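Notes follow once the structure below has been shown.
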Amino acid sequence: MAHALDQLTGLSYAKGHATGNDFVLISDPQDQLVLQAEHVAALADRHFGLGGDGVIRAVPTAAVEEYAYQVEAQPDAYWFMDYRNADGSIAEMCGNGVRLFVHFLIQEQLVDLPVGSTLQIGSRAGVKQVTRLEDGYAVNLGPWGLIHSEQANDNALDSLVRAHGWEQGRPALSITMGNPHAVVALAEMQELSALDLSVAPAVDPVPEHGTNVEFVVPAEPLVSEGIGAVTMRVHERGVGETLSCGTGACAAAAAVRYWAGSTTVIDDWVVNIPGGQVGVAFRKNEDGTDDVILSGPAVLVGRGVLTRD
Ligand SMILES: N[C@@H](CCC[C@H](N)C(=O)O)C(=O)O
């Protein structure tokens, strides 16, 4: 670990969070930083590094060979969110991270984005539109979808999730938000608070690329003033339990909405997580799919330079 941080001495960073999902942010406008998994893990280490659920690098989309096509097709997608989990692994998308990323770009004066304006951001899950709100940011994460494992029959409920200490697995709905999620419904808040997420839940069949796992308790009654509500805890792939997961909140709302069936279609949700609350809205596309819009706060808590004094 020490060796990996030595190699980053002099690097400027910012630290921030979005509903307690915290990240180290690095601006790399010239694409000069070779950020390897061990660098990310060392930065994210909560005892020997800066600490964070992940590390996010801001780099021009044109410099990321595999995704440069995004800015060729959508010239406004100048910035690319290079997102890494705390263990150094790469994830396709981070809903809290992309809101914080835009806040970081604004605070670093890399973009000018008045309230009400929208910015396009390149990412491994495609170009995302992030709108600056009075009190935070809203990101359109695009359509959600069911993940059908090869073993699944006619629905995506064939995977079983067993949290640490549970005797048996329970059915989970597998959902993609660009990144993978398995959502398990619990009956009561007490069950949710009793969960031991210090150990990764077992998922059967084991997803090839791993998965984030959300445990949700739908509010009772589900809808108040036309808005649905769920409470959620999450174990994130490549991280562990976090205080919040934006794509996870979207997957949780999508799952509860799906389970409610076509008689009660709720388009606006609040998702309560240990780190606060986010909004999730479903908006119909012409092709019948639903775009999922995640909204919530994002704040920077400090800036610094890595030293080995
Ligand atoms: N916390 C993020 C999700 C980050 C990526 C995830 N751990 C994965 O590996 O897919 C969010 O806010 O969406």
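Lettering and numbering for the structure tokens are positional, with chains as A, B, ... in the shown order, residues counted from 1 in each chain, and ligands counted from 1 in the shown order.
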
- Task: Return as a PyMOL selection string the full set of residues in segment 114-242 of chain A whose backbone-based DSSP assignment is helix (DSSP H, G or I).
- Result: chain A and resi 189-194

- For segment 130-145 of chain A, list every protein, DNA or RNA residue within 8 Å, evaluated using only C-alpha atoms, and leave out those in the same chain fewer than 6 positions away; present the list as a ChimeraX atom specification. /A:95,98-99,102,113-121,175-178,251,254,289-298

Taking N, CA and C atoms for each residue, export the selection above as a CSV table (one decimal), in the first residue's frame.
chain,number,residue,atom,x,y,z
A,95,GLY,N,-24.2,6.1,-9.7
A,95,GLY,CA,-25.2,7.1,-9.7
A,95,GLY,C,-24.9,8.3,-8.7
A,98,VAL,N,-21.7,10.1,-10.2
A,98,VAL,CA,-21.8,11.0,-11.4
A,98,VAL,C,-22.3,12.3,-11.0
A,99,ARG,N,-23.2,12.4,-9.9
A,99,ARG,CA,-23.7,13.7,-9.4
A,99,ARG,C,-22.5,14.4,-8.8
A,102,VAL,N,-20.0,15.8,-11.4
A,102,VAL,CA,-20.4,17.1,-12.0
A,102,VAL,C,-20.2,18.3,-11.0
A,113,LEU,N,-21.9,25.6,-15.1
A,113,LEU,CA,-23.2,24.9,-15.3
A,113,LEU,C,-24.2,25.6,-14.3
A,114,PRO,N,-25.0,26.6,-14.9
A,114,PRO,CA,-26.0,27.3,-14.1
A,114,PRO,C,-27.1,26.3,-13.6
A,115,VAL,N,-27.7,26.7,-12.5
A,115,VAL,CA,-28.9,25.8,-12.1
A,115,VAL,C,-29.9,25.7,-13.2
A,116,GLY,N,-30.4,24.5,-13.4
A,116,GLY,CA,-31.4,24.3,-14.5
A,116,GLY,C,-30.7,23.8,-15.8
A,117,SER,N,-29.4,23.9,-15.8
A,117,SER,CA,-28.7,23.5,-17.1
A,117,SER,C,-28.3,22.0,-17.0
A,118,THR,N,-28.0,21.4,-18.1
A,118,THR,CA,-27.7,20.0,-18.2
A,118,THR,C,-26.3,19.8,-18.9
A,119,LEU,N,-25.6,18.9,-18.3
A,119,LEU,CA,-24.2,18.6,-18.8
A,119,LEU,C,-24.2,17.1,-19.3
A,120,GLN,N,-23.5,16.8,-20.4
A,120,GLN,CA,-23.4,15.4,-20.8
A,120,GLN,C,-22.0,14.9,-20.3
A,121,ILE,N,-22.1,13.7,-19.7
A,121,ILE,CA,-20.9,13.1,-19.2
A,121,ILE,C,-20.6,11.7,-19.8
A,175,ILE,N,-31.4,-6.8,-11.8
A,175,ILE,CA,-31.7,-5.6,-12.5
A,175,ILE,C,-30.4,-5.0,-13.0
A,176,THR,N,-30.4,-4.5,-14.2
A,176,THR,CA,-29.2,-3.7,-14.7
A,176,THR,C,-29.6,-2.2,-14.7
A,177,MET,N,-28.7,-1.4,-14.2
A,177,MET,CA,-28.8,0.1,-14.3
A,177,MET,C,-27.5,0.5,-15.1
A,178,GLY,N,-27.1,-0.3,-15.9
A,178,GLY,CA,-25.7,-0.1,-16.5
A,178,GLY,C,-24.7,-1.0,-15.8
A,251,ALA,N,-32.4,0.7,-8.8
A,251,ALA,CA,-32.8,-0.7,-8.9
A,251,ALA,C,-33.8,-1.1,-7.9
A,254,ALA,N,-37.1,0.3,-8.9
A,254,ALA,CA,-37.6,-0.4,-10.1
A,254,ALA,C,-38.1,-1.8,-9.7
A,289,THR,N,-39.6,1.9,-23.1
A,289,THR,CA,-38.8,1.7,-21.9
A,289,THR,C,-38.9,2.9,-21.0
A,290,ASP,N,-38.5,2.7,-19.8
A,290,ASP,CA,-38.5,3.8,-18.8
A,290,ASP,C,-37.1,4.3,-18.5
A,291,ASP,N,-36.9,5.6,-18.7
A,291,ASP,CA,-35.6,6.2,-18.2
A,291,ASP,C,-35.8,6.3,-16.7
A,292,VAL,N,-34.6,6.2,-16.1
A,292,VAL,CA,-34.6,6.3,-14.6
A,292,VAL,C,-33.8,7.6,-14.2
A,293,ILE,N,-34.4,8.5,-13.5
A,293,ILE,CA,-33.7,9.7,-13.2
A,293,ILE,C,-33.5,9.7,-11.6
A,294,LEU,N,-32.3,9.8,-11.3
A,294,LEU,CA,-31.8,9.8,-9.9
A,294,LEU,C,-31.5,11.2,-9.5
A,295,SER,N,-32.1,11.7,-8.3
A,295,SER,CA,-31.7,13.0,-7.9
A,295,SER,C,-31.3,13.0,-6.4
A,296,GLY,N,-30.5,13.9,-6.1
A,296,GLY,CA,-30.0,14.0,-4.7
A,296,GLY,C,-28.8,14.9,-4.6
A,297,PRO,N,-28.4,15.2,-3.3
A,297,PRO,CA,-27.3,16.1,-3.1
A,297,PRO,C,-25.9,15.6,-3.4
A,298,ALA,N,-24.9,16.4,-3.5
A,298,ALA,CA,-23.5,16.1,-3.7
A,298,ALA,C,-22.7,17.2,-3.1

- Message: Residues contacting ligand 1 - anything with an atom at most 8 Å away, using only C-alpha atoms and all ligand atoms - can you give me those as a count of residues only?
- Response: 33

- Pick out the residues sitting within 7 Å of Gly10 of chain A, and hand them over as an MDAnalysis selection string; count only C-alpha atoms, and ignore anything fewer than 4 positions along from it in its own chain. chainID A and resid 305:307

- Closest of A:Thr19, A:Ser198, A:Gln36, A:Gln190 to Asn272 of chain A - atom-to-atom distances counting only C-alpha atoms: A:Thr19

- Test item: residues at most 6 Å from segment 14-18 of chain A, only C-alpha atoms, excluding those fewer than 5 positions along its chain, as number ranges by chain: A: 23-25, 96, 297-303

- Query: Can you list, as a list in words, every protein, DNA or RNA residue that comes within 12 Å of Leu222 of chain A when you count only C-alpha atoms, leaving out same-chain residues fewer than 6 positions away?
  - Reply: Gly228, Ala229, Val230, Thr231, Ala253, Val256, Arg257, Trp259, Ala260, Thr264, Val265, Ile266, Asp268, Trp269, Val270 and Val271 of chain A

Among segment 48-296 of chain A, which residues carry a DSSP assignment of strand (DSSP E), reported as a short mmCIF file (atom, residue, chain, number, x, y, z; two decimals) with C-alpha atoms, in the first residue's frame?
data_model
loop_
_atom_site.label_atom_id
_atom_site.label_comp_id
_atom_site.auth_asym_id
_atom_site.auth_seq_id
_atom_site.Cartn_x
_atom_site.Cartn_y
_atom_site.Cartn_z
CA GLY A 54 -14.27 4.67 -4.68
CA VAL A 55 -12.01 6.91 -6.72
CA ILE A 56 -13.18 9.03 -9.63
CA ARG A 57 -10.87 10.52 -12.23
CA ALA A 58 -11.99 13.35 -14.52
CA VAL A 59 -10.41 12.90 -17.94
CA PRO A 60 -11.39 14.14 -21.41
CA TRP A 79 -15.63 14.93 -19.67
CA PHE A 80 -15.44 11.23 -18.92
CA MET A 81 -16.09 9.80 -15.45
CA ASP A 82 -13.38 7.19 -14.89
CA TYR A 83 -14.96 5.42 -11.91
CA ARG A 84 -13.24 2.76 -9.76
CA ASN A 85 -14.51 0.85 -6.73
CA THR A 118 -27.68 20.00 -18.20
CA LEU A 119 -24.23 18.57 -18.84
CA GLN A 120 -23.38 15.41 -20.77
CA ILE A 121 -20.88 13.08 -19.16
CA GLY A 122 -19.08 10.19 -20.84
CA LYS A 128 -25.40 10.46 -19.14
CA GLN A 129 -27.19 13.77 -18.76
CA VAL A 130 -26.77 15.51 -15.42
CA THR A 131 -28.92 18.52 -14.55
CA ARG A 132 -27.94 20.98 -11.84
CA LEU A 133 -30.79 21.57 -9.40
CA GLY A 136 -28.28 18.98 -5.87
CA TYR A 137 -28.17 17.16 -9.18
CA ALA A 138 -30.41 14.86 -11.24
CA VAL A 139 -28.89 12.28 -13.56
CA ASN A 140 -30.78 10.47 -16.28
CA LEU A 141 -29.34 6.96 -16.04
CA GLY A 142 -31.32 5.73 -19.06
CA PRO A 143 -33.56 2.65 -19.09
CA GLY A 145 -33.66 -3.67 -17.44
CA LEU A 146 -34.10 -7.16 -16.06
CA SER A 159 -31.32 -15.99 -8.35
CA LEU A 160 -31.19 -16.54 -4.63
CA VAL A 161 -29.45 -14.24 -2.17
CA ARG A 162 -28.33 -15.43 1.23
CA ARG A 170 -34.29 -15.68 -0.76
CA PRO A 171 -35.42 -14.79 -4.29
CA ALA A 172 -33.90 -11.70 -5.82
CA LEU A 173 -34.79 -9.63 -8.85
CA SER A 174 -31.74 -9.06 -11.03
CA ILE A 175 -31.69 -5.59 -12.55
CA THR A 176 -29.23 -3.68 -14.67
CA PRO A 180 -25.66 -5.17 -12.03
CA HIS A 181 -27.98 -5.35 -9.01
CA ALA A 182 -29.87 -8.09 -7.17
CA VAL A 183 -32.81 -6.76 -5.15
CA VAL A 184 -34.29 -8.72 -2.26
CA ALA A 185 -37.54 -7.69 -0.56
CA ALA A 202 -23.97 -15.12 -1.33
CA VAL A 203 -25.70 -15.00 -4.71
CA ASP A 204 -26.73 -18.19 -6.49
CA ASN A 212 -24.42 -5.18 -5.99
CA VAL A 213 -27.08 -6.49 -3.60
CA GLU A 214 -29.92 -4.34 -2.27
CA PHE A 215 -32.24 -5.30 0.58
CA VAL A 216 -35.45 -3.30 0.53
CA VAL A 217 -38.49 -2.76 2.68
CA PRO A 218 -41.36 -1.16 0.75
CA ALA A 219 -43.18 1.50 2.75
CA GLU A 220 -46.59 0.62 4.15
CA PRO A 221 -48.75 1.99 2.57
CA LEU A 222 -46.56 2.00 -0.52
CA VAL A 223 -47.76 5.35 -1.80
CA SER A 224 -48.35 8.61 -0.02
CA ILE A 227 -44.99 9.08 -4.25
CA GLY A 228 -43.73 5.59 -3.52
CA ALA A 229 -41.20 4.95 -0.77
CA VAL A 230 -38.72 2.24 0.04
CA THR A 231 -35.98 1.85 2.61
CA MET A 232 -32.81 0.10 1.54
CA ARG A 233 -29.43 -1.17 2.64
CA VAL A 234 -26.82 -2.19 0.12
CA HIS A 235 -23.73 -4.33 -0.19
CA GLU A 236 -21.75 -2.95 -3.11
CA GLY A 240 -18.78 -3.65 0.94
CA GLU A 241 -21.71 -2.08 2.76
CA THR A 242 -22.03 1.61 1.89
CA ASP A 268 -41.96 8.96 -8.46
CA TRP A 269 -40.15 7.44 -5.51
CA VAL A 270 -38.11 8.35 -2.51
CA VAL A 271 -35.49 5.87 -1.41
CA ASN A 272 -34.25 6.06 2.17
CA ILE A 273 -30.74 4.83 2.72
CA GLY A 276 -30.03 10.10 3.67
CA GLN A 277 -32.62 10.13 0.90
CA VAL A 278 -32.59 10.23 -2.90
CA GLY A 279 -35.34 10.64 -5.47
CA VAL A 280 -35.97 8.19 -8.29
CA ALA A 281 -38.31 9.03 -11.19
CA PHE A 282 -39.41 6.83 -14.09
CA ARG A 283 -40.15 8.60 -17.36
CA LYS A 284 -41.49 6.75 -20.39
CA ASP A 290 -38.52 3.78 -18.80
CA ASP A 291 -35.65 6.19 -18.24
CA VAL A 292 -34.63 6.32 -14.59
CA ILE A 293 -33.75 9.71 -13.15
CA LEU A 294 -31.85 9.82 -9.89
CA SER A 295 -31.75 13.05 -7.87
CA GLY A 296 -30.01 14.02 -4.68
#

- Message: Residues near Leu195 of chain A, anyone? I mean within 8 Å using only C-alpha atoms, not counting same-chain ones fewer than 2 positions away, as number ranges by chain.
- Response: A: 163-164, 191-193, 197

- Task: Rank A:Val127, A:Val206, A:Leu100, A:Ala86 by their smallest atom-to-atom distance to Gly51 of chain A, using only C-alpha atoms, and report the top residue only.
- Result: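 Among the listed residues, A:Ala86 lies closest to Gly51 of chain A.
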
- Distance atom CA of Leu5 of chain A-atom CA of Leu43 of chain A, one decimal place?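 Value for the atom CA of Leu5 of chain A-atom CA of Leu43 of chain A distance: 7.0 Å.
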
- Report the distance between atom CA of Gln109 of chain A and atom CA of Ala73 of chain A in Å, rounded to one decimal place.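 For atom CA of Gln109 of chain A relative to atom CA of Ala73 of chain A, the distance reads 24.6 Å.
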
- Contacts of Asp31 of chain A at 7 Å or less, counting only C-alpha atoms, minus same-chain residues fewer than 2 places along, as a VMD selection string? chain A and resid 28 to 29 33 59 63

- Query: Which one is closest to Gln107 of chain A: A:Ala37, A:Met189, A:Ser27, A:Gly20? Count only C-alpha atoms.
  - Reply: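 Smallest separation from Gln107 of chain A among the options: A:Ser27.
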
- Query: How far is it from atom CA of Leu11 of chain A to atom CA of Gly126 of chain A, in Å with one decimal?
  - Reply: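 Pair atom CA of Leu11 of chain A / atom CA of Gly126 of chain A returns 28.0 Å.
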